[in-house]
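Engineer: Input structure: input.txt, which contains compact mmCIF, C-alpha atoms and all ligand atoms.
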```txt
# COMPACT_ATOMS: atom_id res chain seq x y z
CA MET C 10 -17.42 -6.89 3.27
CA THR C 11 -16.08 -7.87 6.67
CA LYS C 12 -12.87 -9.83 6.49
CA ARG C 13 -11.71 -12.58 8.75
CA ILE C 14 -8.43 -11.65 10.44
CA LEU C 15 -6.21 -13.99 12.41
CA SER C 16 -2.97 -13.34 14.23
CA GLY C 17 -1.00 -14.84 17.07
CA ILE C 18 1.63 -13.79 19.58
CA GLN C 19 3.82 -15.96 21.77
CA PRO C 20 3.65 -15.51 25.54
CA THR C 21 7.42 -15.49 25.87
CA SER C 22 8.13 -12.27 27.76
CA ASP C 23 7.17 -10.81 31.11
CA SER C 24 5.90 -7.70 29.39
CA PHE C 25 5.31 -6.59 25.83
CA HIS C 26 7.60 -3.72 24.87
CA LEU C 27 6.98 -0.54 22.95
CA GLY C 28 8.25 -2.18 19.73
CA ASN C 29 5.59 -4.91 19.98
CA TYR C 30 2.97 -2.28 20.69
CA LEU C 31 3.81 0.20 17.94
CA GLY C 32 5.00 -2.40 15.41
CA ALA C 33 2.18 -4.90 15.71
CA LEU C 34 -0.38 -4.70 18.49
CA LYS C 35 -1.61 -1.18 17.77
CA GLN C 36 -2.55 -2.42 14.31
CA TRP C 37 -4.33 -5.43 15.78
CA VAL C 38 -6.49 -2.96 17.70
CA GLU C 39 -7.20 -0.98 14.52
CA LEU C 40 -8.05 -4.12 12.55
CA GLN C 41 -10.79 -5.22 14.94
CA GLU C 42 -12.93 -2.34 13.65
CA GLY C 43 -15.14 -3.51 10.81
CA ASN C 44 -13.50 -6.95 10.62
CA ASP C 45 -14.05 -10.30 12.24
CA ALA C 46 -10.77 -10.62 14.12
CA PHE C 47 -9.37 -13.66 15.94
CA TYR C 48 -6.35 -13.05 18.16
CA CYS C 49 -4.58 -15.99 19.68
CA ILE C 50 -2.01 -16.28 22.46
CA VAL C 51 0.03 -19.11 20.98
CA ASP C 52 1.11 -20.90 24.13
CA LEU C 53 1.72 -24.22 22.34
CA HIS C 54 4.28 -22.49 20.13
CA ALA C 55 5.96 -21.19 23.26
CA LEU C 56 6.60 -24.81 24.30
CA THR C 57 9.21 -25.09 21.54
CA GLY C 58 11.73 -23.16 23.67
CA GLU C 59 12.79 -23.73 27.28
CA ILE C 60 9.75 -24.56 29.39
CA GLU C 61 9.44 -23.00 32.85
CA PRO C 62 5.96 -23.96 34.07
CA ALA C 63 5.40 -21.18 36.61
CA LEU C 64 6.80 -18.56 34.27
CA LEU C 65 4.80 -19.82 31.29
CA ARG C 66 1.54 -19.69 33.22
CA LYS C 67 2.27 -16.15 34.37
CA ARG C 68 3.22 -15.02 30.88
CA ILE C 69 0.06 -16.41 29.28
CA LEU C 70 -2.04 -14.45 31.76
CA THR C 71 0.00 -11.24 31.52
CA SER C 72 -0.13 -11.44 27.73
CA ALA C 73 -3.91 -11.67 27.84
CA ALA C 74 -4.21 -8.84 30.35
CA GLN C 75 -1.96 -6.59 28.29
CA LEU C 76 -3.81 -7.31 25.04
CA ILE C 77 -7.12 -6.35 26.62
CA ALA C 78 -5.56 -3.34 28.33
CA LEU C 79 -4.09 -2.00 25.12
CA GLY C 80 -7.41 -2.19 23.34
CA ILE C 81 -8.20 -5.71 22.10
CA SER C 82 -11.83 -5.90 23.08
CA PRO C 83 -13.18 -9.38 23.90
CA GLU C 84 -16.54 -8.14 22.59
CA LYS C 85 -15.31 -6.84 19.26
CA SER C 86 -12.86 -9.61 18.56
CA THR C 87 -12.26 -13.20 19.59
CA LEU C 88 -9.34 -13.31 22.02
CA PHE C 89 -8.28 -16.78 23.09
CA VAL C 90 -5.49 -19.08 24.14
CA GLN C 91 -4.33 -21.65 21.58
CA SER C 92 -4.20 -24.62 23.99
CA HIS C 93 -7.85 -24.03 24.92
CA VAL C 94 -8.90 -25.01 21.40
CA ALA C 95 -7.75 -28.58 20.75
CA GLU C 96 -8.54 -28.23 17.04
CA HIS C 97 -5.16 -26.49 16.65
CA ASN C 98 -3.41 -29.76 17.45
CA GLN C 99 -5.82 -31.74 15.29
CA LEU C 100 -5.29 -29.66 12.17
CA GLY C 101 -1.60 -29.24 13.05
CA TRP C 102 -1.12 -32.98 12.58
CA ILE C 103 -2.93 -32.90 9.25
CA MET C 104 -0.63 -30.08 8.10
CA GLU C 105 2.41 -32.12 9.14
CA CYS C 106 1.13 -34.90 6.90
CA ILE C 107 0.68 -32.49 3.97
CA ALA C 108 4.02 -30.69 4.30
CA GLY C 109 7.17 -32.09 2.73
CA PHE C 110 10.25 -32.59 4.88
CA GLY C 111 12.26 -30.60 2.36
CA GLU C 112 10.04 -27.54 2.40
CA ALA C 113 9.86 -27.57 6.20
CA ASN C 114 13.63 -27.81 6.25
CA ARG C 115 13.89 -24.58 4.26
CA MET C 116 12.22 -22.45 6.94
CA THR C 117 14.75 -19.78 7.89
CA GLN C 118 13.34 -19.22 11.38
CA PHE C 119 13.96 -22.91 12.15
CA LYS C 120 17.43 -22.77 10.65
CA ASP C 121 18.35 -19.66 12.68
CA LYS C 122 16.92 -20.89 15.97
CA SER C 123 18.26 -24.43 15.67
CA ALA C 124 21.70 -23.16 14.68
CA LYS C 125 21.78 -21.14 17.92
CA GLY C 126 20.72 -24.04 20.13
CA GLY C 127 22.51 -26.94 18.42
CA ALA C 128 20.95 -30.27 17.40
CA ASP C 129 20.63 -31.72 20.90
CA SER C 130 18.71 -28.83 22.41
CA THR C 131 16.55 -28.28 19.32
CA ARG C 132 13.12 -29.79 19.83
CA VAL C 133 11.21 -31.62 17.09
CA GLY C 134 8.39 -29.18 17.91
CA LEU C 135 10.55 -26.32 16.71
CA PHE C 136 10.79 -28.08 13.36
CA THR C 137 7.03 -28.63 13.11
CA TYR C 138 6.23 -25.13 14.44
CA PRO C 139 5.30 -23.72 10.98
CA MET C 140 2.77 -26.49 10.38
CA LEU C 141 1.04 -25.68 13.67
CA GLN C 142 1.08 -22.02 12.65
CA ALA C 143 -0.52 -22.96 9.31
CA ALA C 144 -3.25 -24.77 11.27
CA ASP C 145 -3.79 -21.67 13.47
CA ILE C 146 -4.52 -19.66 10.35
CA LEU C 147 -6.43 -22.16 8.19
CA LEU C 148 -8.80 -23.24 11.00
CA TYR C 149 -10.40 -19.79 10.92
CA GLN C 150 -10.58 -19.42 7.14
CA ALA C 151 -8.70 -16.14 7.56
CA HIS C 152 -8.52 -13.63 4.70
CA TYR C 153 -5.65 -11.68 6.26
CA VAL C 154 -2.86 -12.46 8.69
CA PRO C 155 -1.24 -9.35 10.17
CA VAL C 156 2.38 -10.19 11.01
CA GLY C 157 5.86 -8.72 10.91
CA GLU C 158 8.14 -9.15 7.91
CA ASP C 159 9.93 -12.05 9.62
CA GLN C 160 6.78 -14.20 9.30
CA ARG C 161 6.45 -13.86 5.52
CA GLN C 162 7.93 -17.30 4.84
CA HIS C 163 5.55 -19.02 7.26
CA ILE C 164 2.58 -17.38 5.55
CA GLU C 165 3.86 -18.53 2.14
CA LEU C 166 4.13 -22.09 3.48
CA THR C 167 0.59 -21.85 4.86
CA ARG C 168 -0.67 -20.79 1.42
CA ASP C 169 1.22 -23.65 -0.25
CA LEU C 170 -0.17 -26.23 2.17
CA ALA C 171 -3.74 -24.93 1.79
CA THR C 172 -3.48 -24.88 -2.01
CA ARG C 173 -2.08 -28.41 -2.08
CA PHE C 174 -4.77 -29.72 0.25
CA ASN C 175 -7.55 -28.05 -1.73
CA SER C 176 -6.39 -29.34 -5.08
CA ARG C 177 -5.82 -32.91 -3.84
CA PHE C 178 -8.80 -33.30 -1.48
CA GLY C 179 -11.31 -30.63 -2.58
CA GLU C 180 -11.97 -27.01 -1.57
CA THR C 181 -11.52 -26.89 2.21
CA PHE C 182 -9.44 -23.87 3.19
CA ARG C 183 -9.45 -20.22 2.22
CA ILE C 184 -6.03 -19.21 0.92
CA PRO C 185 -4.93 -16.51 3.38
CA GLU C 186 -2.92 -13.43 2.59
CA GLY C 187 -0.20 -11.95 4.73
CA TYR C 188 -0.91 -8.41 5.84
CA ILE C 189 2.64 -7.37 6.43
CA LEU C 190 2.57 -4.59 8.96
CA LYS C 191 3.92 -1.26 7.83
CA SER C 192 7.52 -1.06 8.89
CA GLY C 193 7.16 2.69 9.60
CA ALA C 194 6.96 2.03 13.30
CA LYS C 195 10.18 0.10 13.74
CA ILE C 196 11.46 0.92 17.21
CA TYR C 197 15.10 0.60 18.25
CA ASP C 198 16.85 -0.18 21.52
CA LEU C 199 17.43 3.01 23.52
CA GLN C 200 20.94 1.97 24.49
CA GLU C 201 21.94 0.57 21.11
CA PRO C 202 19.77 2.50 18.67
CA THR C 203 20.96 0.55 15.65
CA ASN C 204 19.46 -2.69 17.04
CA LYS C 205 15.73 -3.43 17.13
CA MET C 206 14.07 -3.06 20.53
CA SER C 207 13.74 -6.73 21.43
CA LYS C 208 12.86 -9.05 24.27
CA SER C 209 16.02 -10.99 23.54
CA SER C 210 18.45 -8.07 23.82
CA GLY C 211 21.04 -8.70 26.51
CA SER C 212 19.92 -5.93 28.83
CA THR C 213 16.52 -4.33 29.42
CA ALA C 214 18.06 -0.87 29.89
CA GLY C 215 17.10 0.05 26.33
CA VAL C 216 13.71 -1.65 26.28
CA LEU C 217 10.52 0.23 27.25
CA GLU C 218 8.17 -2.30 28.76
CA ILE C 219 4.42 -1.79 28.99
CA LEU C 220 4.35 -3.16 32.53
CA ASP C 221 7.30 -1.08 33.77
CA THR C 222 6.47 1.86 36.03
CA PRO C 223 6.36 5.25 34.26
CA GLU C 224 9.30 6.30 36.46
CA ALA C 225 11.42 3.35 35.33
CA ASN C 226 10.65 4.07 31.69
CA ALA C 227 11.38 7.79 32.16
CA LYS C 228 14.76 6.86 33.58
CA LYS C 229 15.52 4.65 30.59
CA ILE C 230 14.56 7.45 28.20
CA LYS C 231 16.69 9.97 30.06
CA SER C 232 19.74 7.72 29.80
CA ALA C 233 19.09 6.81 26.14
CA THR C 234 22.16 6.91 23.92
CA THR C 235 22.39 10.08 21.85
CA ASP C 236 25.17 11.64 19.80
CA ALA C 237 27.55 14.46 20.63
CA GLY C 238 25.62 17.04 18.60
CA ARG C 239 22.88 19.32 19.88
CA GLU C 240 20.25 19.32 17.19
CA ILE C 241 16.91 17.49 17.45
CA LYS C 242 16.79 16.25 13.88
CA PHE C 243 15.65 13.04 12.19
CA ASP C 244 18.74 11.48 10.61
CA GLU C 245 18.88 7.71 11.10
CA LYS C 246 22.48 7.43 9.87
CA GLU C 247 24.10 10.23 11.88
CA LYS C 248 21.63 10.46 14.78
CA PRO C 249 20.04 7.04 15.32
CA GLY C 250 19.28 7.68 19.02
CA ILE C 251 17.53 11.01 18.50
CA SER C 252 15.74 9.66 15.41
CA ASN C 253 14.40 6.72 17.41
CA LEU C 254 13.11 9.05 20.15
CA LEU C 255 11.48 11.22 17.48
CA SER C 256 9.78 8.13 15.99
CA ILE C 257 8.52 7.07 19.41
CA HIS C 258 7.16 10.54 20.22
CA SER C 259 5.53 10.85 16.81
CA ALA C 260 3.97 7.37 16.84
CA LEU C 261 2.41 7.96 20.26
CA SER C 262 1.48 11.65 20.06
CA GLY C 263 0.42 11.61 16.40
CA GLN C 264 2.53 14.73 15.76
CA LYS C 265 4.56 14.81 12.57
CA ILE C 266 8.32 14.37 12.94
CA SER C 267 8.94 17.61 11.04
CA ASP C 268 6.66 19.47 13.47
CA LEU C 269 8.52 18.00 16.42
CA GLU C 270 11.82 19.12 14.89
CA ASP C 271 10.42 22.65 14.63
CA ASP C 272 9.05 22.60 18.18
CA PHE C 273 12.37 21.53 19.64
CA ALA C 274 14.58 23.76 17.49
CA GLY C 275 17.09 25.46 19.80
CA LYS C 276 16.19 23.25 22.77
CA GLY C 277 18.56 20.72 24.32
CA TYR C 278 18.48 16.94 24.44
CA GLY C 279 17.40 17.09 28.09
CA ASP C 280 14.20 18.99 27.30
CA PHE C 281 13.45 16.69 24.40
CA LYS C 282 13.97 13.51 26.42
CA ALA C 283 11.72 14.85 29.18
CA ALA C 284 8.98 15.45 26.59
CA VAL C 285 9.39 11.93 25.17
CA ALA C 286 9.23 10.46 28.69
CA GLU C 287 6.00 12.35 29.31
CA VAL C 288 4.37 11.16 26.09
CA VAL C 289 5.41 7.56 26.81
CA ALA C 290 4.12 7.76 30.39
CA ASP C 291 0.81 9.31 29.29
CA HIS C 292 0.22 6.46 26.84
CA LEU C 293 1.52 3.51 28.82
CA ARG C 294 0.25 4.43 32.29
CA PRO C 295 -3.43 3.62 31.62
CA ILE C 296 -2.47 0.42 29.77
CA ARG C 297 -0.30 -0.72 32.68
CA ASP C 298 -2.93 0.20 35.28
CA ARG C 299 -5.65 -1.67 33.40
CA ALA C 300 -3.45 -4.73 32.86
CA LEU C 301 -2.56 -4.90 36.57
CA GLU C 302 -6.22 -4.53 37.48
CA LEU C 303 -7.14 -7.43 35.17
CA LEU C 304 -4.37 -9.56 36.66
CA ASP C 305 -5.77 -8.90 40.12
CA ASP C 306 -8.82 -10.97 39.23
CA GLU C 307 -7.32 -14.00 37.59
CA GLN C 308 -10.54 -15.98 37.70
CA HIS C 309 -12.40 -13.36 35.70
CA LEU C 310 -9.56 -13.08 33.18
CA VAL C 311 -9.58 -16.85 32.64
CA GLN C 312 -13.35 -16.71 32.19
CA VAL C 313 -12.97 -14.10 29.46
CA LEU C 314 -10.40 -16.33 27.74
CA HIS C 315 -12.67 -19.37 28.01
CA ALA C 316 -15.50 -17.40 26.41
CA GLY C 317 -13.12 -16.46 23.58
CA ALA C 318 -12.11 -20.11 23.18
CA ASP C 319 -15.78 -21.14 22.90
CA LYS C 320 -16.28 -18.68 20.04
CA ALA C 321 -13.05 -19.83 18.37
CA ARG C 322 -13.91 -23.52 18.74
CA ALA C 323 -17.23 -23.08 16.96
CA VAL C 324 -15.37 -21.97 13.83
CA ALA C 325 -12.37 -24.28 14.22
CA SER C 326 -14.37 -27.47 14.74
CA ALA C 327 -16.31 -26.95 11.51
CA THR C 328 -13.04 -26.65 9.59
CA VAL C 329 -11.59 -29.77 11.18
CA ALA C 330 -14.73 -31.76 10.39
CA GLU C 331 -14.64 -30.62 6.76
CA SER C 332 -10.96 -31.50 6.40
CA TYR C 333 -11.43 -34.92 8.06
CA LYS C 334 -14.33 -35.69 5.77
CA ASN C 335 -12.39 -34.67 2.67
CA LEU C 336 -9.44 -36.78 3.76
CA GLY C 337 -11.66 -39.86 3.93
CA LEU C 338 -11.72 -40.19 7.71
CA VAL C 339 -14.96 -41.67 9.00
CA LEU C 340 -16.86 -39.06 11.05
P1 LIG C 401 8.33 -10.87 18.83
O1 LIG C 401 7.64 -11.37 20.06
O2 LIG C 401 9.66 -10.24 19.07
O3 LIG C 401 8.33 -11.89 17.71
O4 LIG C 401 7.43 -9.67 18.30
C1 LIG C 401 6.04 -9.74 18.19
C2 LIG C 401 5.58 -8.70 17.17
O5 LIG C 401 6.06 -7.40 17.51
C3 LIG C 401 6.08 -9.00 15.77
O6 LIG C 401 4.98 -9.00 14.89
C4 LIG C 401 7.03 -7.88 15.40
O7 LIG C 401 6.75 -7.41 14.11
C5 LIG C 401 6.73 -6.77 16.41
N1 LIG C 401 7.99 -6.17 16.89
C6 LIG C 401 8.89 -6.75 17.73
N2 LIG C 401 9.92 -5.90 17.98
C7 LIG C 401 9.67 -4.76 17.29
C8 LIG C 401 10.36 -3.51 17.14
N3 LIG C 401 11.49 -3.25 17.79
N4 LIG C 401 9.82 -2.56 16.35
C9 LIG C 401 8.66 -2.80 15.70
N5 LIG C 401 7.96 -3.96 15.80
C10 LIG C 401 8.45 -4.93 16.57
N1 LIG C 402 5.20 -17.39 14.58
C1 LIG C 402 4.58 -16.15 14.98
C2 LIG C 402 5.65 -15.20 15.56
O1 LIG C 402 6.66 -15.65 16.03
C3 LIG C 402 3.50 -16.37 16.02
C4 LIG C 402 2.33 -17.11 15.44
C5 LIG C 402 1.94 -18.40 15.71
C6 LIG C 402 1.40 -16.59 14.50
N2 LIG C 402 0.82 -18.70 15.04
C7 LIG C 402 0.46 -17.63 14.28
C8 LIG C 402 1.28 -15.36 13.85
C9 LIG C 402 -0.58 -17.46 13.38
C10 LIG C 402 0.22 -15.21 12.95
C11 LIG C 402 -0.69 -16.25 12.72
O2 LIG C 402 5.43 -13.99 15.56
```
Would you mind writing the file out in C-alpha cells?
Ligand code: AMP
Ligand code: TRP

Structural biologist:
Amino acid sequence: MTKRILSGIQPTSDSFHLGNYLGALKQWVELQEGNDAFYCIVDLHALTGEIEPALLRKRILTSAAQLIALGISPEKSTLFVQSHVAEHNQLGWIMECIAGFGEANRMTQFKDKSAKGGADSTRVGLFTYPMLQAADILLYQAHYVPVGEDQRQHIELTRDLATRFNSRFGETFRIPEGYILKSGAKIYDLQEPTNKMSKSSGSTAGVLEILDTPEANAKKIKSATTDAGREIKFDEKEKPGISNLLSIHSALSGQKISDLEDDFAGKGYGDFKAAVAEVVADHLRPIRDRALELLDDEQHLVQVLHAGADKARAVASATVAESYKNLGLVL
C-alpha cells in the first residue's frame, strides 16, 4: 500500500551541505518511489530566527532549486512552500489551543535555542514552533515523517496532540510515525572531524556545499584535517578525519569501506584525498549545474512551486474543514 510521507526543511542556508544531502535529502529522494510524498520548504519556521528579507527570499528559491536538482521530482512528489498553503497557519492555531504550556515548555530544541539567544531575543514563534510543525504533519494525514534524530521529540508531541484531539473531538488525524533516518551517513566537518558538518559551524572551510564550485570543494577536501599516520583505515577514534573521508567516498560511490581500504593500501593521503575530491565533484557537479539552471528562470521555478502548493492545499483544506467541524465551528 502506498504510504503518505511528509517532511520539511528550513530555508536557512545559502546552500545545502553534503551532510544534509547524505543524512536526509538522499532518503527523501528514495522515499518518493512507491509512496505519496509531500516535501515542504518550511519558510514560516525560518521566521523564528533573525529575518533578513532579501536573504530569506533567495534561500527559499535556492532550497527549492536544490531539492529538484538533487532528485525531488515535482511530478512524483508534492514539493511546495509552507507559506503558500495558508492551512498550515489555520491548523497551527488549533494545535496551539490543544497543546499544554507545560508540554511545550519541555521541548529541548526550544530550551537550547532560547538559552543561546536569551529571553529578549527569543521570539514567541520559537516557542510555538513545534505546534506549527505538528500542523505541517497532521494536515497531510502522513503515515511517516522522515527526520533526523533531533526531531524525535517534536514527532512525539505531534502524536500526543493528534491522539488528544481525536479522543476529545472524534477521529480526525492519522497518528504519524517518525521515520528516523539511518544515522549511518553522519558526515563530519572536514576541519574538525569530531564535529558534525553543519551550517552553523564557525567557518565553512570544513563544509562541502552543494552550490560550491567543484574546485572549491576539492580544495577543502585537500586541506581536510588528517592524522600523522599514513594508513587509509576506518577508525573513528584514532583517525576521525580519514574515517569521515572514507564515509563520504563510500556513501557517494557505493563502494564498501573495506574495499576502499584495500584499494588504497600502500597509497598516501594525497592520492586518497584526490580520489575523494573526484567522487564528490562527479556527484555534486550535475546537481549544482541543474540548480543554477533552475535559478536562472525564477518565474518557472515559482510556477512549479505554486503547482505543488495547489496539490498540497487540496489535501490540507479537507483536513482543516474536518477539524473545524469536529471542534464545533460553524462552516
Ligand atoms: P539542519 O538544517 O541542520 O537541521 O539539517 C537538515 C537535515 O539534514 C536534518 O534532517 C539532519 O538530520 C540532516 N543533517 C544535517 N547535518 C548533517 C550531518 N553532518 N550529517 C548527516 N546528516 C545531517
Ligand atoms: N523542525 C524541522 C527541522 O528543524 C523542520 C520541520 C518543520 C519539519 N516542519 C516539519 C520536519 C514537518 C518534518 C516534518 O529539521

Engineer: Taking only C-alpha atoms and all ligand atoms into account, which residues have an atom no farther than 7 Å from ligand LIG 401 (chain C)? I'd like them as a PyMOL selection string.

Structural biologist: chain C and resi 18-19+28-33+156-158+194-197+205-208

Engineer: Using only C-alpha atoms, which of C:Phe174, C:Tyr138, C:Trp37, C:Phe281 sits nearest Ser252 of chain C?

Structural biologist: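 Answer, going by the shortest atom-to-atom distance: C:Phe281.
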
Engineer: Closest to Asp319 of chain C among C:Thr11, C:Asn226, C:Gln91, C:Ser232, using all atoms listed in the file?

Structural biologist: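 Using all atoms listed in the file, Asp319 of chain C sits closest to C:Gln91.
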
Engineer: Compare C:Lys125, C:Met116, C:Gln264, C:Asn204 by their minimum atom-to-atom distance to His163 of chain C, counting all atoms listed in the file, and give me the closest one.

Structural biologist: C:Met116

Engineer: For ligand LIG 402 (chain C), list the contacting residues at 7 Å or closer, counting all atoms listed in the file, as a PyMOL selection string.

Structural biologist: chain C and resi 15-19+51+54+142-143+145-146+154-156+160

Engineer: Between atom CA of Tyr333 of chain C and atom CA of Gly317 of chain C, measure the distance and give it in Å to one decimal.

Structural biologist: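 Atom-to-atom, atom CA of Tyr333 of chain C and atom CA of Gly317 of chain C are spaced 24.2 Å apart.
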